[in-house]
file my_file12.csv (CSV, C-alpha atoms)
chain,number,residue,atom,x,y,z
A,64,MET,CA,54.7,74.7,102.9
A,65,TYR,CA,57.3,72.0,102.4
A,66,THR,CA,54.8,69.2,103.0
A,67,TRP,CA,52.5,70.9,100.5
A,68,ILE,CA,55.3,71.0,97.9
A,69,TRP,CA,56.3,67.4,98.6
A,70,ARG,CA,52.7,66.3,98.1
A,71,HIS,CA,52.3,68.1,94.8
A,72,LEU,CA,55.6,66.8,93.3
A,73,PRO,CA,54.8,64.1,90.8
A,74,GLY,CA,56.4,60.7,90.6
A,75,PRO,CA,57.8,58.1,93.0
A,76,THR,CA,60.0,59.1,96.0
A,77,ALA,CA,63.3,59.0,94.1
A,78,VAL,CA,62.0,61.3,91.4
A,79,LYS,CA,60.6,63.6,94.0
A,80,LEU,CA,64.0,63.8,95.7
A,81,LEU,CA,65.5,64.8,92.4
A,82,GLU,CA,62.8,67.4,91.8
A,83,THR,CA,63.4,68.8,95.3
A,84,LEU,CA,67.1,69.2,94.5
A,85,VAL,CA,66.3,71.0,91.3
A,86,LEU,CA,63.8,73.3,93.0
A,87,PHE,CA,66.4,74.1,95.8
A,88,LEU,CA,69.1,74.9,93.2
A,89,ALA,CA,66.7,77.2,91.4
A,90,VAL,CA,65.9,79.1,94.5
A,91,VAL,CA,69.7,79.3,95.4
A,92,ALA,CA,70.4,80.6,91.9
A,93,LEU,CA,67.6,83.2,92.2
A,94,LEU,CA,69.1,84.4,95.5
A,95,PHE,CA,72.7,84.5,94.3
A,96,PHE,CA,72.1,86.2,91.0
A,97,VAL,CA,69.1,88.4,91.6
A,98,VAL,CA,68.2,88.9,95.3
A,99,PHE,CA,71.6,89.2,97.0
A,100,PRO,CA,73.2,91.5,94.4
A,101,TRP,CA,70.2,93.8,94.8
A,102,LEU,CA,70.2,93.6,98.6
A,103,GLU,CA,73.9,94.0,99.2
A,104,PRO,CA,74.3,97.8,98.9
A,105,TYR,CA,71.7,98.2,101.6
A,106,LEU,CA,73.7,96.1,104.1
A,107,PRO,CA,76.4,97.5,106.3
A,108,PHE,CA,79.2,95.0,105.6
A,109,ASP,CA,81.6,96.0,102.9
A,110,ARG,CA,81.9,99.7,102.4
A,111,VAL,CA,85.5,100.5,102.1
A,112,SER,CA,85.9,104.1,101.0
A,113,VAL,CA,85.8,107.2,103.1
A,114,ASN,CA,83.3,109.9,102.2
A,115,GLN,CA,82.7,113.5,102.8
B,237,MET,CA,56.8,61.7,105.9
B,238,THR,CA,54.1,60.6,103.4
B,239,ASP,CA,51.4,60.3,105.9
B,240,GLU,CA,52.1,63.6,107.5
B,241,PRO,CA,50.1,65.7,105.2
B,242,ALA,CA,47.0,63.7,105.8
B,243,ASP,CA,47.6,64.0,109.5
B,244,ALA,CA,48.1,67.7,109.4
B,245,GLY,CA,45.2,68.6,107.1
B,246,VAL,CA,42.3,66.3,107.8
B,247,PRO,CA,40.7,66.5,111.2
B,248,ASP,CA,39.6,63.2,112.8
B,249,ASP,CA,35.9,62.8,113.5
B,250,ASP,CA,36.3,60.4,116.4
B,251,ASP,CA,38.4,61.5,119.3
B,252,PRO,CA,40.6,58.6,120.2
B,253,PRO,CA,42.6,58.8,123.4
B,254,PRO,CA,46.2,59.9,122.8
B,255,GLY,CA,48.3,56.9,122.0
B,256,PRO,CA,51.7,56.5,123.5
B,257,ASN,CA,53.7,57.4,120.4
B,258,GLY,CA,51.4,57.2,117.4
B,259,ARG,CA,50.5,60.4,115.6
B,260,ARG,CA,47.4,58.7,114.3
B,261,HIS,CA,46.1,58.5,117.8
B,262,ALA,CA,47.0,62.0,118.7
B,263,ALA,CA,44.8,64.4,120.7
B,264,PRO,CA,41.6,66.1,119.3
B,265,ARG,CA,42.4,68.0,116.1
B,266,SER,CA,39.8,70.6,115.8
B,267,SER,CA,41.8,73.3,117.6
B,268,ASP,CA,45.0,71.5,118.2
B,269,GLY,CA,45.4,70.9,114.4
B,270,THR,CA,45.3,74.6,113.7
B,271,TRP,CA,47.9,75.3,116.4
B,272,ARG,CA,50.1,72.6,115.1
B,273,LYS,CA,49.9,74.1,111.6
B,274,VAL,CA,50.7,77.5,112.9
B,275,VAL,CA,53.7,76.3,114.9
B,276,ARG,CA,54.9,74.2,112.1
B,277,GLY,CA,54.6,77.2,109.7
B,278,VAL,CA,56.5,79.5,112.0
B,279,GLY,CA,59.2,76.8,112.5
B,280,GLN,CA,59.6,76.2,108.8
B,281,THR,CA,59.8,80.0,108.1
B,282,LEU,CA,62.5,80.5,110.7
B,283,ILE,CA,64.5,77.6,109.4
B,284,THR,CA,64.1,78.9,105.9
B,285,LEU,CA,65.3,82.4,106.9
B,286,GLY,CA,68.3,80.8,108.7
B,287,VAL,CA,69.3,79.0,105.5
B,288,VAL,CA,68.9,82.2,103.5
B,289,VAL,CA,71.2,84.0,105.9
B,290,LEU,CA,73.8,81.2,105.6
B,291,LEU,CA,73.5,81.4,101.8
B,292,PHE,CA,74.1,85.1,102.0
B,293,VAL,CA,77.3,84.5,103.9
B,294,VAL,CA,78.4,82.0,101.2
B,295,TYR,CA,77.5,84.5,98.5
B,296,GLU,CA,79.3,87.4,100.2
B,297,VAL,CA,82.5,85.5,101.0
B,298,TYR,CA,82.8,83.1,98.0
B,299,VAL,CA,80.5,83.9,95.2
B,300,THR,CA,81.3,87.6,94.9
B,301,ASP,CA,85.0,86.5,94.7
B,302,LEU,CA,84.2,84.6,91.5
B,303,PHE,CA,82.3,87.6,90.0
B,304,GLY,CA,84.9,90.1,91.1
B,305,GLY,CA,87.7,87.9,89.7
B,306,GLN,CA,86.1,87.9,86.3
B,307,LYS,CA,85.7,91.6,86.3
B,308,GLN,CA,89.3,92.1,87.5
B,309,ALA,CA,90.6,89.8,84.7
B,310,ALA,CA,88.6,91.7,82.1
B,311,ALA,CA,89.9,95.1,83.4
B,312,THR,CA,93.5,93.7,83.4
B,313,SER,CA,93.4,92.4,79.9
B,314,GLU,CA,92.0,95.6,78.7
B,315,LEU,CA,94.7,97.6,80.4
B,316,ASP,CA,97.4,95.2,79.1
B,317,GLU,CA,96.1,95.7,75.6
B,318,GLN,CA,96.1,99.4,76.0
B,319,TRP,CA,99.7,99.4,77.3
B,320,SER,CA,101.1,97.2,74.6
B,321,GLU,CA,99.3,99.3,72.0
B,322,HIS,CA,100.9,102.4,73.5
B,323,ALA,CA,104.3,100.8,73.5
B,324,SER,CA,104.1,99.7,69.9
B,325,THR,CA,102.9,103.1,68.6
B,326,GLY,CA,105.9,104.5,70.4
B,327,GLY,CA,105.0,106.7,73.3
B,328,THR,CA,107.9,109.1,73.6
B,329,ALA,CA,108.9,107.9,77.1
B,330,VAL,CA,108.9,104.3,76.2
B,331,ALA,CA,110.8,104.9,72.9
B,332,THR,CA,113.7,106.6,74.7
B,333,VAL,CA,113.7,103.9,77.3
B,334,VAL,CA,113.9,101.2,74.8
B,335,GLU,CA,116.9,102.9,73.2
B,336,THR,CA,118.6,103.1,76.5
B,337,ALA,CA,117.9,99.5,77.3
B,338,GLN,CA,119.3,98.4,74.0
B,339,ALA,CA,122.4,100.6,74.2
B,340,THR,CA,123.4,99.2,77.6
B,341,ALA,CA,122.0,95.7,76.9
B,342,VAL,CA,121.7,95.2,80.6
B,343,VAL,CA,118.6,96.4,82.4
B,344,ASP,CA,120.2,97.9,85.4
B,345,ALA,CA,117.9,99.2,88.1
B,346,SER,CA,120.1,102.2,88.8
B,347,LYS,CA,120.0,103.2,85.1
B,348,GLN,CA,116.2,103.0,85.1
B,349,ALA,CA,115.8,105.1,88.2
B,350,VAL,CA,114.3,108.5,87.3
B,351,ASP,CA,113.3,111.6,89.2
B,352,PRO,CA,109.5,111.5,89.7
B,353,LYS,CA,109.5,115.3,89.0
B,354,SER,CA,110.4,114.6,85.4
B,355,ARG,CA,107.6,112.1,85.0
B,356,LYS,CA,104.3,113.5,83.7
B,357,LYS,CA,101.1,111.6,83.6
B,358,ASN,CA,100.6,111.0,79.9
B,359,TYR,CA,97.5,108.7,80.0
B,360,ASP,CA,93.9,109.3,80.4
B,361,THR,CA,91.6,107.6,82.8
B,362,SER,CA,87.9,107.0,82.6
B,363,LEU,CA,85.6,105.9,85.4
B,364,GLY,CA,85.3,102.1,85.6
B,365,GLN,CA,88.5,101.5,83.6
B,366,GLY,CA,91.8,100.2,84.8
B,367,PHE,CA,94.8,102.6,84.5
B,368,ALA,CA,97.5,101.2,86.9
B,369,LYS,CA,98.6,98.1,88.7
B,370,ILE,CA,99.5,97.6,92.3
B,371,TYR,CA,102.0,95.1,93.5
B,372,VAL,CA,102.6,94.3,97.2
B,373,PRO,CA,105.6,92.0,97.4
B,374,ALA,CA,105.0,91.4,101.1
B,375,PHE,CA,101.7,89.7,100.1
B,376,GLY,CA,103.5,87.3,97.8
B,377,ALA,CA,105.1,87.5,94.4
B,378,ASP,CA,101.8,86.9,92.6
B,379,TYR,CA,100.0,89.8,94.4
B,380,VAL,CA,98.9,92.2,91.6
B,381,PHE,CA,95.7,94.0,91.0
B,382,THR,CA,94.6,96.4,88.3
B,383,ILE,CA,93.5,99.7,89.9
B,384,ILE,CA,90.2,101.0,88.5
B,385,GLU,CA,89.3,104.7,88.3
B,386,GLY,CA,86.5,105.5,90.7
B,387,THR,CA,85.2,104.3,94.0
B,388,ASP,CA,81.6,103.4,93.1
B,389,PRO,CA,80.4,99.9,94.2
B,390,ASP,CA,80.7,98.8,90.5
B,391,ASP,CA,84.3,100.1,90.2
B,392,LEU,CA,85.3,98.5,93.5
B,393,TYR,CA,83.7,95.2,92.4
B,394,ALA,CA,86.3,95.0,89.7
B,395,GLY,CA,89.3,95.8,91.8
B,396,PRO,CA,90.9,98.5,94.0
B,397,GLY,CA,89.4,101.9,93.1
B,398,HIS,CA,91.2,105.2,92.8
B,399,TYR,CA,89.5,108.2,94.4
B,400,ALA,CA,89.0,110.1,91.2
B,401,ASP,CA,89.5,113.5,92.8
B,402,THR,CA,92.9,112.6,94.4
B,403,GLN,CA,96.3,112.6,92.6
B,404,TYR,CA,97.8,110.0,90.3
B,405,PRO,CA,100.8,107.7,90.9
B,406,GLY,CA,104.1,109.6,91.4
B,407,GLU,CA,102.4,113.0,91.7
B,408,GLN,CA,102.8,115.4,94.5
B,409,GLY,CA,99.9,115.0,96.9
B,410,ASN,CA,98.1,111.8,97.7
B,411,PHE,CA,97.4,108.9,95.4
B,412,SER,CA,94.4,107.3,97.2
B,413,VAL,CA,92.9,103.9,96.6
B,414,ALA,CA,90.0,102.0,98.2
B,415,GLY,CA,89.7,98.3,98.1
B,416,HIS,CA,87.5,95.5,99.5
B,417,ARG,CA,88.8,93.6,102.6
B,418,VAL,CA,86.2,90.8,102.4
B,419,SER,CA,84.5,89.6,99.3
B,420,LYS,CA,84.8,90.7,95.6
B,421,GLY,CA,88.4,89.5,95.3
B,422,SER,CA,89.4,90.9,98.7
B,423,PRO,CA,92.3,92.8,97.3
B,424,PHE,CA,93.0,94.6,100.6
B,425,ASN,CA,92.3,91.7,102.9
B,426,ASP,CA,95.8,91.8,104.4
B,427,LEU,CA,96.3,95.5,104.9
B,428,GLY,CA,96.4,94.8,108.6
B,429,LEU,CA,99.6,92.8,108.1
B,430,LEU,CA,101.6,95.5,106.4
B,431,ALA,CA,104.7,96.6,108.3
B,432,SER,CA,106.5,99.9,108.0
B,433,CYS,CA,108.8,100.1,105.0
B,434,ASP,CA,106.9,97.3,103.1
B,435,ALA,CA,106.9,98.2,99.4
B,436,LEU,CA,103.8,99.2,97.5
B,437,VAL,CA,104.8,99.2,93.9
B,438,ILE,CA,102.6,101.0,91.3
B,439,GLU,CA,103.0,100.3,87.6
B,440,THR,CA,101.6,102.9,85.2
B,441,GLN,CA,101.8,103.1,81.4
B,442,ASP,CA,105.4,104.3,81.4
B,443,ASP,CA,106.6,104.2,85.0
B,444,TRP,CA,107.1,102.2,88.1
B,445,PHE,CA,106.6,104.0,91.4
B,446,VAL,CA,107.8,102.4,94.6
B,447,TYR,CA,106.1,103.6,97.7
B,448,ARG,CA,106.9,102.4,101.2
B,449,VAL,CA,104.6,102.2,104.2
B,450,LEU,CA,105.4,105.0,106.7
B,451,PRO,CA,106.5,104.3,110.3
B,452,MET,CA,103.7,103.1,112.5
B,453,ALA,CA,102.5,105.4,115.3
B,454,ASP,CA,104.2,103.3,118.0
B,455,GLU,CA,107.5,103.2,116.0
B,456,VAL,CA,107.9,107.0,115.5
B,457,ALA,CA,109.5,107.8,118.8
B,458,THR,CA,112.3,105.1,118.4
B,459,TRP,CA,112.6,105.2,114.6
B,460,SER,CA,115.9,104.3,113.1
B,461,ALA,CA,116.1,104.0,109.4
B,462,THR,CA,118.9,101.5,109.5
B,463,ALA,CA,116.8,99.0,111.5
B,464,HIS,CA,115.4,97.6,108.3
B,465,PRO,CA,117.3,97.1,105.1
B,466,HIS,CA,114.5,98.6,103.0
B,467,CYS,CA,113.8,101.7,105.0
B,468,SER,CA,115.9,104.2,103.2
B,469,GLY,CA,113.7,107.2,102.4
B,470,VAL,CA,111.2,106.3,105.0
B,471,GLU,CA,111.2,108.7,108.0
B,472,PRO,CA,108.7,109.8,110.6
B,473,GLN,CA,106.9,112.8,109.1
B,474,SER,CA,107.1,116.3,110.6
B,475,GLY,CA,105.4,119.6,110.1
B,476,GLN,CA,101.9,119.5,108.8
B,477,TYR,CA,102.5,115.8,108.0
B,478,ALA,CA,103.4,115.0,111.7
B,479,GLN,CA,100.2,113.0,112.2
B,480,VAL,CA,100.6,110.9,109.1
B,481,THR,CA,101.7,107.4,110.1
B,482,GLY,CA,101.7,104.0,108.5
B,483,ARG,CA,98.4,102.7,109.7
B,484,THR,CA,95.4,104.5,111.3
B,485,ILE,CA,91.8,103.5,112.0
B,486,VAL,CA,89.3,106.3,111.3
B,487,ASP,CA,85.6,107.0,111.0
B,488,PRO,CA,84.0,106.4,107.6
B,489,SER,CA,83.4,110.1,107.3
B,490,ASP,CA,87.1,111.1,107.7
B,491,TYR,CA,87.6,112.0,104.0
B,492,ALA,CA,90.6,114.2,104.9
B,493,VAL,CA,92.8,111.0,105.0
B,494,VAL,CA,92.8,110.9,101.2
B,495,LEU,CA,93.4,114.6,100.7
B,496,PRO,CA,96.9,115.9,99.5
B,497,VAL,CA,98.0,116.4,103.1
B,498,PRO,CA,96.3,113.6,105.0
B,499,GLY,CA,94.3,115.0,107.9
B,500,VAL,CA,94.2,118.6,106.5
B,501,ALA,CA,90.8,119.3,105.0
B,502,SER,CA,92.0,121.0,101.9
B,503,THR,CA,92.1,119.7,98.3
B,504,GLU,CA,95.0,122.1,97.5
B,505,VAL,CA,98.4,120.5,96.9
B,506,PRO,CA,101.0,122.6,98.7
B,507,ASP,CA,104.2,123.6,96.8
B,508,LYS,CA,106.4,121.3,98.7
B,509,ALA,CA,103.9,118.5,99.1
B,510,GLU,CA,105.1,115.0,99.7
B,511,ARG,CA,104.3,112.2,97.2
B,512,LEU,CA,102.1,109.9,99.2
B,513,ILE,CA,100.0,106.8,98.6
B,514,THR,CA,96.9,106.1,100.8
B,515,LEU,CA,95.0,102.8,100.9
B,516,THR,CA,91.6,102.5,102.5
B,517,THR,CA,89.5,99.5,103.4
B,518,CYS,CA,86.8,98.5,105.9
B,519,HIS,CA,87.6,97.8,109.5
B,520,PRO,CA,87.1,95.6,111.5
B,521,GLN,CA,87.0,92.7,109.1
B,522,PHE,CA,83.4,91.7,108.2
B,523,SER,CA,82.2,95.1,109.4
B,524,ASP,CA,82.3,98.6,108.0
B,525,ALA,CA,82.0,100.6,111.3
B,526,GLU,CA,85.4,102.1,110.7
B,527,ARG,CA,88.1,102.4,108.0
B,528,MET,CA,91.7,101.1,108.0
B,529,ILE,CA,94.0,103.6,106.4
B,530,ILE,CA,97.6,102.9,105.2
B,531,HIS,CA,99.9,105.7,104.3
B,532,GLY,CA,103.0,105.3,102.3
B,533,ILE,CA,105.6,107.6,100.7
B,534,LEU,CA,107.3,107.6,97.3
B,535,VAL,CA,110.9,106.5,97.6
B,536,LYS,CA,111.9,105.5,94.1
B,537,SER,CA,110.6,105.6,90.5
B,538,TYR,CA,111.8,103.8,87.5
B,539,ALA,CA,111.1,104.2,83.8
B,540,LYS,CA,109.6,101.1,82.3
B,541,ALA,CA,111.7,99.1,79.9
B,542,PRO,CA,111.3,95.7,78.2
B,543,GLY,CA,112.6,93.0,80.5
B,544,PHE,CA,113.0,95.4,83.5
B,545,LEU,CA,111.3,94.8,86.8
B,546,PRO,CA,111.9,96.9,89.9
B,547,PRO,CA,114.1,95.0,92.3
B,548,GLU,CA,111.6,95.9,95.1
B,549,LEU,CA,109.2,93.3,93.6
B,550,LYS,CA,111.5,90.6,95.0
B,551,GLU,CA,111.0,91.7,98.6
B,552,THR,CA,108.7,88.8,99.3
B,553,SER,CA,109.9,88.2,102.8

call {"tool": "encode", "arguments": {"input": "my_file12.csv", "output": "structure tokens"}}
result
Amino acid sequence: MYTWIWRHLPGPTAVKLLETLVLFLAVVALLFFVVFPWLEPYLPFDRVSVNQ
Amino acid sequence: MTDEPADAGVPDDDDPPPGPNGRRHAAPRSSDGTWRKVVRGVGQTLITLGVVVLLFVVYEVYVTDLFGGQKQAAATSELDEQWSEHASTGGTAVATVVETAQATAVVDASKQAVDPKSRKKNYDTSLGQGFAKIYVPAFGADYVFTIIEGTDPDDLYAGPGHYADTQYPGEQGNFSVAGHRVSKGSPFNDLGLLASCDALVIETQDDWFVYRVLPMADEVATWSATAHPHCSGVEPQSGQYAQVTGRTIVDPSDYAVVLPVPGVASTEVPDKAERLITLTTCHPQFSDAERMIIHGILVKSYAKAPGFLPPELKETS
């Protein structure tokens, strides 16, 4: 997968590196702002109240 | 790196003998190449999943702190605005207090002390909104959080949340608050460090309520109120309160700990009920298998006045 992406990024190596960084940050942002907030309530980490 | 794709994708027609270290001269590709691709794919997937899990830890421990901090700041400024509006429109309690303060010109703690029986809750709360502040001097002079009404995940994201069907600060019964131990501002991160008699100070619209942590289970037998300068008013409990101690670890289903008489499964507030505070958070840290419960008892209350801060806030030992 990663080699496929690397091959399809345009430009010389330096530009490719920059593009890789941007792609990585985009994925991290997607995880932080969309995926993790959605996922969190289903995980048994931080429930703090007692319930009936 | 650049010649890797060609290697991986294109099978060689001629089958050169494997070279000592050159990929170009690797073994026959027809079936090996497929295997190599599969293994590489699995490896990359596992590494990717590992990175995602690490990112989740970063998110949970650091990023939610940022979000939670923003929500807490918004709730606090909203509450401050509400209080200053109430003070300027002259809520009766505040008005009389202001007069007293001006008459004496000195804001003396003993003059501000009031009987909690005479204090009535004169503010409304709505789910998701702040209505009180909690100070724990033992956690540092700057430890203050606005308490939000409700214990839904959204409420708790903004700050410690009040169990909406439990009592309010200063009232007979049990003022119960849940808070995150890890992530989202971690207001209750240090509950495990509280000692008996540590002050839990609650500020409401017109009042200060000073609660103190009850004796721990292992201190009850040898309790002496004089052992600690701040312990006046804190005694091991008896009667139906006998099992109520400073800190307990319970199951998540043990809702009775937040009820008027902790441990007694009834929502009714008895005639001679104590005025308690209960804090709940997850336990052990980074898990939610159990809950840590802190119980405290009301020892003092003060009317609010401009320039007056309860002396207990200075107990930052």

call {"tool": "interface_residues", "arguments": {"input": "my_file12.csv", "of": "chain A", "to": "chain B", "cutoff": "6 Å", "atoms": "all atoms listed in the file", "output": "number ranges by chain"}}
result
A: 108-115

call {"tool": "atom_distance", "arguments": {"input": "my_file12.csv", "atom1": "atom CA of Arg511 of chain B", "atom2": "atom CA of Asn410 of chain B"}}
result
6.2 Å

call {"tool": "atom_distance", "arguments": {"input": "my_file12.csv", "atom1": "atom CA of Leu512 of chain B", "atom2": "atom CA of Gln408 of chain B"}}
result
7.3 Å

call {"tool": "atom_distance", "arguments": {"input": "my_file12.csv", "atom1": "atom CA of Asp401 of chain B", "atom2": "atom CA of Met452 of chain B"}}
result
26.4 Å

call {"tool": "residues_around", "arguments": {"input": "my_file12.csv", "residues": "Val90 of chain A", "least_positions_apart": "5", "cutoff": "12 Å", "atoms": "all atoms listed in the file", "output": "PyMOL selection string"}}
result
(chain A and resi 83-85+95-99) or (chain B and resi 284+287-288+291)

call {"tool": "residues_around", "arguments": {"input": "my_file12.csv", "residues": "segment 348-364 of chain B", "least_positions_apart": "4", "cutoff": "6 Å", "atoms": "only C-alpha atoms", "output": "VMD selection string"}}
result
chain B and resid 384 to 386 391 406 537 to 539

call {"tool": "closest_residue", "arguments": {"input": "my_file12.csv", "among": "B:Glu504, B:Glu551, B:Glu321, B:Glu455", "to": "Thr402 of chain B", "atoms": "all atoms listed in the file"}}
result
B:Glu504
